[in-house]
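Asks: Dropping the structure in here first, questions after.
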Amino acid sequence: VLLGSGLTVLSQPLMYVKVLVQVGYEPLPPTLGRNVFGRQVYQLPGLFAYAKHIVKVDGRAGLFKGLTPRLCSSAIGTVVHGKVLQSGAFRGGGSSPPDASFPLQPGASKKEPVSSLEQVLKETSREMVARSAAALITHPFHVITLRCMVQFIGRETKYSGTLSAFATIYREEGVLGFFAGLIPRLLGDILSLWLCNMLAYLINTYALENGSRGAGPHFGVAARLRGGLKAPFLLPQVSTMAEMKSYSQAVTGFFASMLTYPFVLVSNLMAVNNCGLAGGLLPYAPTYSSWLDCWSQLHREGNMSRGNSLFFRKVPTGKRYVWE
């Protein structure tokens with residue numbers, strides 16, 4: 001929990017800028033710069049220019065708006081996630097809680113050198129339940145975090161404290177207000193998890209394992225040797241294989257997060273839409289009737305990846321942005 005809280009504090013300015021970009025708020029006009037190919041293009045301000053503007057307006061402490069509810073969300077989510085995994089392991093007859101293997105790494109089973117498909121499906125399903133439970137319980141804090149950040153646009157103070165924010169949301173929107181944007185968030189988390197773990201399983205099983213069997217004169221030589229000469233040939237191969245599997249997990253995780261990013265964007269926009277803040281109203285966003293309506297409009301505008309990158313932000317042709 002302490003490590004997670006530390007990472008949350010360090011990543012707060014990054015998330016703050018990302019949320020404001022996702023909403024469509026551009027406080028600085030585009031500047032003429034060069035892309036990676038050396039061609040001149042108009043670029044929107046990147047992470048550091050955006051953060052510098054926030055510091056200029058609100059000081060350095062302004063970069064940490066919404067930190068308190070986000071810390072609560074992180075701590076509660078970690079506890080819920082671990083408890084659900086442990087209870088699932090004991091009910092399922094597992095010998096040890098599976099949270100030690102989070103995120104799931106196919107091929108890391110202690111019983112077998114390669115996890116079976118059945119084991120991967122079981123562990124992924126258990127992880128899906130744990131993540132969904134954590135997201136469901138912590139979503140009210142997530143909504144408050146986003147609204148505290150978006151207040152920067154209209155200079156509001158409506159959500160000035162965590163407890164008062166709970167009272168405000170309940171008074172104006174009822175219980176459902178605490179779960180604005182929950183459905184696309186859950187769908188994105190579930191799709192990302194399954195994509196990541198199934199792709200990693202396929203790569204580890206049919207690419208890395210088969211490749212190691214076919215590339216192995218070292219295995220044949222080692223099998224014919226006796227005594228202390230066998231280990232020096234096998235240990236480097238095993239170590240390299242374990243490293244390659246960990247890399248495949250990281251690559252598939254990145255790929256899955258890229259594919260499911262639109263769900264993150266839609267969830268965050270729905271959490272602040274029409275909540276009485278300037279950032280949730282025109283000209284930044286119309287009033288969406290549902291998250292599907294939000295998805296449809298973003299798709300028509302070509303804004304499904306807005307906020308996905310905070311560097312080299314080229315101004316797309318035909319797009320309109322609001323800046324001061």
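Here, A, B, ... name the chains of the structure tokens in the order displayed, residue numbers run from 1 inside each chain, and ligands are numbered from 1 in the same displayed order.
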Applying 7 Å and only C-alpha atoms, which residues near Ala135 in chain A remain after dropping the ones on its own chain fewer than 4 positions away? List them as a VMD selection string.

Replies: chain A and resid 77 131 139

Asks: For N, CA and C atoms, I'd like the residues from the last selection saved as a CSV table (one decimal), in the first residue's frame.

Replies:
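Written file, out.csv:
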chain,number,residue,atom,x,y,z
A,77,GLY,N,-8.5,0.2,-3.2
A,77,GLY,CA,-8.4,-0.7,-4.3
A,77,GLY,C,-7.4,-1.8,-4.1
A,131,ARG,N,-10.2,-7.3,-10.0
A,131,ARG,CA,-10.1,-5.9,-10.5
A,131,ARG,C,-11.5,-5.3,-10.6
A,139,HIS,N,-14.8,3.5,-7.4
A,139,HIS,CA,-15.2,4.4,-8.5
A,139,HIS,C,-15.7,5.7,-8.0

Asks: Looking at A:Phe48, A:Phe141, A:Tyr25, A:Phe37, which one is nearest to Gly66 in chain A, with distances taken over only C-alpha atoms?

Replies: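 The answer is A:Phe141, which sits nearest to Gly66 in chain A.
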
Asks: Which is closer to Thr205 in chain A than all the others in A:Asn268, A:Gly4, A:Ser248, A:Cys72, using only C-alpha atoms?

Replies: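 Answer, going by the shortest atom-to-atom distance: A:Ser248.
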
Asks: In terms of the shortest atom-to-atom distance over only C-alpha atoms, which of A:Ala134, A:Met149, A:Leu202, A:Val41 is closest to Ile54 in chain A?

Replies: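 Comparing A:Ala134, A:Met149, A:Leu202, A:Val41 against Ile54 in chain A, the winner is A:Met149.
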
Asks: I need the residue nearest Met244 in chain A from this list: A:Gly276, A:Asn204, A:Thr287, A:Leu3. Use only C-alpha atoms for the distance.

Replies: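 Counting only C-alpha atoms, the residue closest to Met244 in chain A is A:Asn204.
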
Asks: Would you work out the distance separating CA of Gln43 in chain A from CA of Phe311 in chain A, expressed in Å to one decimal?

Replies: 9.2 Å

Asks: A:Tyr284, A:Thr168, A:Asn308, A:Leu71: which is nearest Leu10 in chain A, counting only C-alpha atoms?

Replies: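 Nearest candidate to Leu10 in chain A out of A:Tyr284, A:Thr168, A:Asn308, A:Leu71: A:Leu71.
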
Asks: Neighbouring residues of Met270 in chain A were defined as those with any atom within 7 Å, considering only C-alpha atoms; residues of the same chain fewer than 4 positions away were excluded. Please report them as a ChimeraX atom specification.

Replies: /A:180-181,266,291

Asks: Give me the range 130-168 of chain A side of the contact with range 12-19 of chain A, cut-off 12 Å, one line per residue showing its nearest atom pair and distance in Å at one decimal, counting only C-alpha atoms, sorted by chain and residue number, as a tab-separated table.

Replies:
residue	atom	partner	partner_atom	distance
A:His142	CA	A:Val19	CA	11.9
A:Val143	CA	A:Val19	CA	11.8
A:Thr145	CA	A:Tyr16	CA	9.4
A:Leu146	CA	A:Val19	CA	7.3
A:Arg147	CA	A:Val19	CA	9.7
A:Cys148	CA	A:Tyr16	CA	9.7
A:Met149	CA	A:Tyr16	CA	6.3
A:Val150	CA	A:Val19	CA	7.5
A:Gln151	CA	A:Tyr16	CA	11.1
A:Phe152	CA	A:Tyr16	CA	9.9
A:Ile153	CA	A:Val19	CA	11.2

Asks: Could you turn the residues from that selection into a file that holds N, CA, C and O atoms, as a PDB file, in the first residue's frame?

Replies:
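Printed below is result_14.pdb as written:
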ATOM      1  N   HIS A 142     -12.789   7.821  -7.674  1.00  0.00           N
ATOM      2  CA  HIS A 142     -12.262   8.136  -9.003  1.00  0.00           C
ATOM      3  C   HIS A 142     -13.029   9.298  -9.625  1.00  0.00           C
ATOM      4  O   HIS A 142     -12.434  10.200 -10.224  1.00  0.00           O
ATOM      5  N   VAL A 143     -14.344   9.285  -9.480  1.00  0.00           N
ATOM      6  CA  VAL A 143     -15.169  10.365 -10.016  1.00  0.00           C
ATOM      7  C   VAL A 143     -14.813  11.696  -9.345  1.00  0.00           C
ATOM      8  O   VAL A 143     -14.666  12.723 -10.017  1.00  0.00           O
ATOM      9  N   THR A 145     -11.982  12.481  -7.921  1.00  0.00           N
ATOM     10  CA  THR A 145     -10.643  12.864  -8.371  1.00  0.00           C
ATOM     11  C   THR A 145     -10.697  13.613  -9.692  1.00  0.00           C
ATOM     12  O   THR A 145     -10.095  14.680  -9.860  1.00  0.00           O
ATOM     13  N   LEU A 146     -11.433  13.061 -10.648  1.00  0.00           N
ATOM     14  CA  LEU A 146     -11.526  13.685 -11.971  1.00  0.00           C
ATOM     15  C   LEU A 146     -12.186  15.057 -11.899  1.00  0.00           C
ATOM     16  O   LEU A 146     -11.741  16.007 -12.556  1.00  0.00           O
ATOM     17  N   ARG A 147     -13.215  15.178 -11.105  1.00  0.00           N
ATOM     18  CA  ARG A 147     -13.926  16.459 -11.025  1.00  0.00           C
ATOM     19  C   ARG A 147     -13.093  17.519 -10.307  1.00  0.00           C
ATOM     20  O   ARG A 147     -13.176  18.705 -10.658  1.00  0.00           O
ATOM     21  N   CYS A 148     -12.310  17.103  -9.329  1.00  0.00           N
ATOM     22  CA  CYS A 148     -11.397  18.057  -8.680  1.00  0.00           C
ATOM     23  C   CYS A 148     -10.383  18.598  -9.687  1.00  0.00           C
ATOM     24  O   CYS A 148     -10.011  19.781  -9.638  1.00  0.00           O
ATOM     25  N   MET A 149      -9.927  17.753 -10.595  1.00  0.00           N
ATOM     26  CA  MET A 149      -8.962  18.179 -11.604  1.00  0.00           C
ATOM     27  C   MET A 149      -9.593  19.096 -12.641  1.00  0.00           C
ATOM     28  O   MET A 149      -9.019  20.134 -13.002  1.00  0.00           O
ATOM     29  N   VAL A 150     -10.780  18.733 -13.112  1.00  0.00           N
ATOM     30  CA  VAL A 150     -11.431  19.484 -14.181  1.00  0.00           C
ATOM     31  C   VAL A 150     -11.858  20.877 -13.708  1.00  0.00           C
ATOM     32  O   VAL A 150     -12.074  21.782 -14.523  1.00  0.00           O
ATOM     33  N   GLN A 151     -11.963  21.074 -12.391  1.00  0.00           N
ATOM     34  CA  GLN A 151     -12.303  22.408 -11.866  1.00  0.00           C
ATOM     35  C   GLN A 151     -11.293  23.473 -12.288  1.00  0.00           C
ATOM     36  O   GLN A 151     -11.615  24.663 -12.268  1.00  0.00           O
ATOM     37  N   PHE A 152     -10.098  23.061 -12.666  1.00  0.00           N
ATOM     38  CA  PHE A 152      -9.069  24.017 -13.087  1.00  0.00           C
ATOM     39  C   PHE A 152      -9.550  24.845 -14.281  1.00  0.00           C
ATOM     40  O   PHE A 152      -9.199  26.021 -14.412  1.00  0.00           O
ATOM     41  N   ILE A 153     -10.366  24.242 -15.140  1.00  0.00           N
ATOM     42  CA  ILE A 153     -10.781  24.910 -16.373  1.00  0.00           C
ATOM     43  C   ILE A 153     -11.633  26.137 -16.070  1.00  0.00           C
ATOM     44  O   ILE A 153     -11.388  27.231 -16.592  1.00  0.00           O
TER      45      ILE A 153
END
